[in-house]
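Participant: Let me begin by handing over the structure; questions about it come next.
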Amino acid sequence: MAVQASCMELALEGERLCKAGDCRAGVSFFEAAVQVGTEDLKTLSAVYSQLGNAYFYLQEYEKALEFHRHDLTLARTLGDRVGEAKASGNLGNTLKVLGKFDEAIVCCTRHLDISRELADKIGEARALYNLGNVYHAKGKHYGRSFDQDPGDFPDEVKSSLERAVEFYEANLTIVKHLGDRAAQGRACGNLGNTHYLLGNFDLAIMFHEERLAIAREFNDKSAERRACSNLGNAHVFLGEFEIASEYYKRTLQISRELGDRAIEAQACYSLGNTFTLLREYKEAVAYHIRHLEIAQELGDRVGEGRACWSLGNAHTALGNHDVALEYAQKHLEISKEVGDRTGQVTAQMNIVDLKALLGDSDAASGADSEIVESSPQRNTSPGSIKQLFHRKHSRSDADKRKTEGKGSRKISAGRPVDATQVKLRVTQPEGKITDSLDDSFFDLLSRCQGSRMDEQRCSEPEGGFDINRSRSSEDLLEMVARLQGDRMDEQRFELHDSEDAYGATAENKPVILKKKRDGSGSISDDLYEMVLRSQAHRLEDQRSNPPLHRQAPTVPDEDFFGLILRLQSNRMDDQRSQHPDSYRNHHRKH
């Protein structure tokens, strides 16, 4: 008769299997160890901890949470402060993944406090790193709901990200003192990611270059690939597209070495978009076709639709309107299949424009009526177009970079991070994107959307316009008021004499908007800003639900070219005007 294995023996076998990568089999042995039981509570606590870690690796987070709580209870019962700190840290990590950020912060703070109490520098470094991860995840999670660009998030999101920076920097100080280069690499990578979200792109590049250097020291290809991808993203937002393309090419090379098809597709997607911004459309087409092939191979329909949309834009820029139309129709088909309403509207508008360019005016007119019926009332945040394409570099080094040319900056194998330099630079405003993107993007957009101009114009009133009279700004506004006089009251907004755009004075006294001109005699941005403020309250009723299956394995999370999709997706029927007589005839009928 076989002797039953002890709890310790079963636990050791489970640990061996988990280290070998077979966590599912390891879980079976750990659970068998729990069933056998033991009077040694420290052994049982270790089994619970290993079970929690194994379930975490298997992404069964609720079960992981259960066993880490058992571990914490036993550690407290035994008065084991080291065990309590470890269990608290594990709980914090699991709660973070579950999106329970406030609870995670409590657990990670307990881990930090106990580690400091025990003068455990390694434990303190881990706790600081975990706290940085929680605040980073919290900021990124809430930042997604605002659909805004890096650096443009609300204060509550920025506050979480800034707290993450504090904890990562504290972690970096300790691991440097301990001489732990691998931990330094992780800290630099996360600092780079957090500064990227804060819009501090130069700082992000500095930390990612250090991350890249350390990854190469350890021949860590996965970390090197992530660093190159992150460096590409940061350079895109600085308008340095040539440099970004070199980093994306290195990302593509490493992904092929690792045999990671999804990452290979992401790199192709990023390269295609970058070459589009560089107006090298043939190169863009080649990379987007490769992305499309891998998306089809992996069954990623959302990624396939995005590739078709990008290919349609690139072929439109090349003048291949018939090919572009085929891709636009495929994009529409896939968008309907996956429930992407924004993608449907974008594809329908592209189809209309391309058919008009091909001379099929009747088909274009019929398709346009479908757009009006199905168009979701969606809008992006006020000023997002202006914020993206009119950003200026405010620091001298950013200005110097623009004058010297984009190709002057070379890819670095990494440079050491100077903490003093970091503190000096972080207090200065960060530049975001060069003006070169303005002409490049809008040139492409005008070709894609130019045919929609005439259909949005209203007919000239009987008797024509008095040209001399309309030159007056007051008469021009009066003319617009007549054309738009029947717009619904809910679209009106009253300005008040207050510095706060959304506030009101005690007298609630309306003020008159005065049109200002700059030195060249052109209208300043005041009118643009007034429109944004006056229509800001309409955002919520213009939004649509996000498309289903939004995440795609072949499309990067940091999808900077999605900005262009948002620009094309918010066309609304209420932007059209009608001849005043049409309104009067309509009212007579009713």
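Identifiers for the structure tokens are assigned positionally: chains receive A, B, ... in sequence, residues are indexed from 1 per chain, and ligands are indexed from 1 in the order shown.
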Mind checking which residues fall within 10 Å of Ala328 of chain A, counting only C-alpha atoms, ignoring those fewer than 4 positions away in the same chain, and posting them as a PyMOL selection string?
Facilitator: chain A and resi 305+308-313+322-324+332-334+344+346-352+354
Participant: Got time to write the residues from that selection, N, CA, C and O atoms, as an mmCIF file, in the first residue's frame?
Facilitator:
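For reference, selection-v5.cif as written:
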```cif
data_model
loop_
_atom_site.group_PDB
_atom_site.id
_atom_site.type_symbol
_atom_site.label_atom_id
_atom_site.label_comp_id
_atom_site.auth_asym_id
_atom_site.auth_seq_id
_atom_site.Cartn_x
_atom_site.Cartn_y
_atom_site.Cartn_z
ATOM 1 N N GLY A 305 -10.218 45.395 -40.100
ATOM 2 C CA GLY A 305 -10.968 46.587 -40.499
ATOM 3 C C GLY A 305 -10.114 47.834 -40.445
ATOM 4 O O GLY A 305 -10.165 48.687 -41.337
ATOM 5 N N CYS A 308 -7.845 47.916 -43.437
ATOM 6 C CA CYS A 308 -8.571 48.310 -44.657
ATOM 7 C C CYS A 308 -8.789 49.817 -44.690
ATOM 8 O O CYS A 308 -8.660 50.460 -45.738
ATOM 9 N N TRP A 309 -9.132 50.382 -43.537
ATOM 10 C CA TRP A 309 -9.341 51.839 -43.461
ATOM 11 C C TRP A 309 -8.043 52.576 -43.794
ATOM 12 O O TRP A 309 -8.031 53.534 -44.573
ATOM 13 N N SER A 310 -6.927 52.121 -43.222
ATOM 14 C CA SER A 310 -5.637 52.770 -43.475
ATOM 15 C C SER A 310 -5.224 52.618 -44.934
ATOM 16 O O SER A 310 -4.703 53.563 -45.552
ATOM 17 N N LEU A 311 -5.445 51.432 -45.511
ATOM 18 C CA LEU A 311 -5.106 51.212 -46.911
ATOM 19 C C LEU A 311 -5.958 52.087 -47.830
ATOM 20 O O LEU A 311 -5.461 52.604 -48.843
ATOM 21 N N GLY A 312 -7.229 52.261 -47.477
ATOM 22 C CA GLY A 312 -8.082 53.141 -48.267
ATOM 23 C C GLY A 312 -7.562 54.565 -48.282
ATOM 24 O O GLY A 312 -7.520 55.224 -49.328
ATOM 25 N N ASN A 313 -7.134 55.061 -47.108
ATOM 26 C CA ASN A 313 -6.591 56.424 -47.032
ATOM 27 C C ASN A 313 -5.311 56.567 -47.853
ATOM 28 O O ASN A 313 -5.115 57.561 -48.558
ATOM 29 N N ASP A 322 -10.175 53.728 -57.241
ATOM 30 C CA ASP A 322 -10.935 52.481 -57.365
ATOM 31 C C ASP A 322 -10.475 51.460 -56.323
ATOM 32 O O ASP A 322 -11.298 50.768 -55.706
ATOM 33 N N VAL A 323 -9.154 51.371 -56.102
ATOM 34 C CA VAL A 323 -8.630 50.459 -55.073
ATOM 35 C C VAL A 323 -9.056 50.933 -53.687
ATOM 36 O O VAL A 323 -9.452 50.131 -52.837
ATOM 37 N N ALA A 324 -8.988 52.239 -53.464
ATOM 38 C CA ALA A 324 -9.391 52.803 -52.172
ATOM 39 C C ALA A 324 -10.857 52.487 -51.889
ATOM 40 O O ALA A 324 -11.221 52.196 -50.743
ATOM 41 N N LEU A 332 -16.332 48.964 -44.262
ATOM 42 C CA LEU A 332 -17.737 49.090 -43.872
ATOM 43 C C LEU A 332 -18.319 47.723 -43.496
ATOM 44 O O LEU A 332 -19.006 47.594 -42.479
ATOM 45 N N GLU A 333 -18.011 46.719 -44.281
ATOM 46 C CA GLU A 333 -18.520 45.360 -44.017
ATOM 47 C C GLU A 333 -18.051 44.849 -42.650
ATOM 48 O O GLU A 333 -18.842 44.328 -41.860
ATOM 49 N N ILE A 334 -16.764 45.033 -42.366
ATOM 50 C CA ILE A 334 -16.216 44.548 -41.099
ATOM 51 C C ILE A 334 -16.758 45.365 -39.933
ATOM 52 O O ILE A 334 -17.080 44.816 -38.862
ATOM 53 N N GLN A 344 -18.415 52.392 -39.092
ATOM 54 C CA GLN A 344 -19.408 52.364 -40.165
ATOM 55 C C GLN A 344 -19.578 53.744 -40.788
ATOM 56 O O GLN A 344 -19.582 53.897 -42.014
ATOM 57 N N THR A 346 -17.550 56.339 -40.678
ATOM 58 C CA THR A 346 -16.330 56.750 -41.362
ATOM 59 C C THR A 346 -16.222 56.075 -42.727
ATOM 60 O O THR A 346 -15.905 56.722 -43.733
ATOM 61 N N ALA A 347 -16.486 54.769 -42.762
ATOM 62 C CA ALA A 347 -16.411 54.028 -44.028
ATOM 63 C C ALA A 347 -17.445 54.546 -45.019
ATOM 64 O O ALA A 347 -17.160 54.707 -46.212
ATOM 65 N N GLN A 348 -18.670 54.817 -44.554
ATOM 66 C CA GLN A 348 -19.719 55.306 -45.449
ATOM 67 C C GLN A 348 -19.353 56.655 -46.051
ATOM 68 O O GLN A 348 -19.569 56.906 -47.245
ATOM 69 N N MET A 349 -18.777 57.531 -45.234
ATOM 70 C CA MET A 349 -18.380 58.843 -45.753
ATOM 71 C C MET A 349 -17.254 58.698 -46.784
ATOM 72 O O MET A 349 -17.248 59.378 -47.807
ATOM 73 N N ASN A 350 -16.307 57.799 -46.507
ATOM 74 C CA ASN A 350 -15.238 57.579 -47.465
ATOM 75 C C ASN A 350 -15.767 57.025 -48.781
ATOM 76 O O ASN A 350 -15.303 57.401 -49.865
ATOM 77 N N ILE A 351 -16.756 56.122 -48.682
ATOM 78 C CA ILE A 351 -17.360 55.558 -49.894
ATOM 79 C C ILE A 351 -18.028 56.651 -50.718
ATOM 80 O O ILE A 351 -17.896 56.717 -51.944
ATOM 81 N N VAL A 352 -18.756 57.538 -50.047
ATOM 82 C CA VAL A 352 -19.414 58.653 -50.738
ATOM 83 C C VAL A 352 -18.384 59.501 -51.473
ATOM 84 O O VAL A 352 -18.535 59.842 -52.657
ATOM 85 N N LEU A 354 -15.295 58.774 -52.388
ATOM 86 C CA LEU A 354 -14.581 58.079 -53.457
ATOM 87 C C LEU A 354 -15.470 57.887 -54.673
ATOM 88 O O LEU A 354 -15.010 58.018 -55.823
#
```
Participant: Could you tell me how far atom CA of Thr194 of chain A sits from atom CA of Tyr168 of chain A, in Å to one decimal place?
Facilitator: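 Value for the atom CA of Tyr168 of chain A-atom CA of Thr194 of chain A distance: 9.5 Å.
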Participant: Compile the contact shell of segment 263-278 of chain A as a list of chain:residue names: residues with an atom at most 6 Å away, counting only C-alpha atoms, same-chain residues fewer than 5 positions apart removed.
Facilitator: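 In the requested format, the answer is A:Tyr248, A:Leu252, A:Ser255, A:Ala284, A:Tyr287, A:His288, A:His291, A:Thr554, A:Val555, A:Pro556.
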Participant: For the residues in that selection, give me N, CA and C atoms as a compact mmCIF listing (two decimals), in the first residue's frame.
Facilitator:
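Resulting contents of part39.txt:
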```txt
# COMPACT_ATOMS: atom_id res chain seq x y z
N TYR A 248 10.42 51.80 -34.86
CA TYR A 248 9.39 50.82 -35.22
C TYR A 248 9.98 49.70 -36.08
N LEU A 252 9.88 45.78 -35.28
CA LEU A 252 9.46 44.75 -36.24
C LEU A 252 10.49 43.64 -36.34
N SER A 255 10.37 41.47 -33.15
CA SER A 255 9.15 40.65 -33.09
C SER A 255 9.26 39.44 -34.00
N ALA A 284 3.83 53.09 -46.93
CA ALA A 284 2.71 52.89 -46.01
C ALA A 284 1.83 51.74 -46.47
N TYR A 287 3.38 48.25 -45.68
CA TYR A 287 3.28 47.83 -44.27
C TYR A 287 1.84 47.53 -43.88
N HIS A 288 0.89 48.30 -44.37
CA HIS A 288 -0.51 48.04 -44.03
C HIS A 288 -1.00 46.72 -44.63
N HIS A 291 0.21 44.10 -42.30
CA HIS A 291 -0.67 44.09 -41.12
C HIS A 291 -1.97 43.38 -41.44
N THR A 554 -3.71 42.91 -33.02
CA THR A 554 -2.75 43.37 -34.02
C THR A 554 -2.66 44.89 -34.10
N VAL A 555 -3.39 45.60 -33.22
CA VAL A 555 -3.34 47.07 -33.18
C VAL A 555 -2.77 47.49 -31.84
N PRO A 556 -1.75 48.34 -31.81
CA PRO A 556 -1.14 48.75 -30.53
C PRO A 556 -2.13 49.48 -29.64
```
Participant: Report the distance between atom CA of Asn193 of chain A and atom CA of Asn230 of chain A in Å, rounded to one decimal place.
Facilitator: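 Separating atom CA of Asn193 of chain A from atom CA of Asn230 of chain A is a distance of 7.5 Å.
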Participant: Find the distance between atom CA of Phe56 of chain A and atom CA of Ala87 of chain A and write it in Å to one decimal.
Facilitator: 13.3 Å
Participant: Could you check the closest approach to Lys176 of chain A for each of A:Ser222, A:Leu212, A:Ala552, A:Ala125 and tell me which residue wins, using only C-alpha atoms?
Facilitator: A:Ala125
Participant: Can you pull out the residues contacting segment 90-92 of chain A? Cut-off 6 Å, using only C-alpha atoms, and skip same-chain residues under 2 positions away; I want them as a short mmCIF file (atom, residue, chain, number, x, y, z; two decimals) with N, CA and C atoms, in the first residue's frame.
Facilitator:
```cif
data_model
loop_
_atom_site.label_atom_id
_atom_site.label_comp_id
_atom_site.auth_asym_id
_atom_site.auth_seq_id
_atom_site.Cartn_x
_atom_site.Cartn_y
_atom_site.Cartn_z
N HIS A 68 -4.58 34.60 -1.47
CA HIS A 68 -3.71 35.62 -0.86
C HIS A 68 -4.33 36.16 0.43
N ALA A 87 2.22 39.04 1.82
CA ALA A 87 0.83 38.78 1.46
C ALA A 87 0.11 40.08 1.08
N SER A 88 0.41 41.16 1.78
CA SER A 88 -0.21 42.46 1.47
C SER A 88 0.18 42.92 0.08
N THR A 94 -3.02 41.95 -7.06
CA THR A 94 -4.22 41.30 -7.58
C THR A 94 -5.39 42.29 -7.64
N LEU A 95 -5.55 43.09 -6.60
CA LEU A 95 -6.63 44.09 -6.58
C LEU A 95 -6.44 45.12 -7.69
N ALA A 104 -6.23 48.37 -3.44
CA ALA A 104 -4.86 47.99 -3.77
C ALA A 104 -3.85 48.94 -3.11
N CYS A 107 -3.38 48.04 0.56
CA CYS A 107 -2.56 46.85 0.76
C CYS A 107 -1.08 47.13 0.47
N CYS A 108 -0.81 47.84 -0.62
CA CYS A 108 0.59 48.15 -0.97
C CYS A 108 1.22 49.10 0.04
#
```
Participant: Would you kindly return, as number ranges by chain, each protein, DNA or RNA residue with an atom no farther than 12 Å from any atom of His70 of chain A, considering only C-alpha atoms and excluding same-chain residues fewer than 3 positions away?
Facilitator: A: 34, 41-42, 44-52, 63-67, 73-77, 83-84, 87-88, 90-91
Participant: Run DSSP on the backbone and give me the residues of segment 80-308 of chain A it puts in helix (DSSP H, G or I), as a PyMOL selection string.
Facilitator: chain A and resi 81-97+101-117+121-144+155-178+181-197+201-217+221-237+241-258+261-277+281-298+301-308
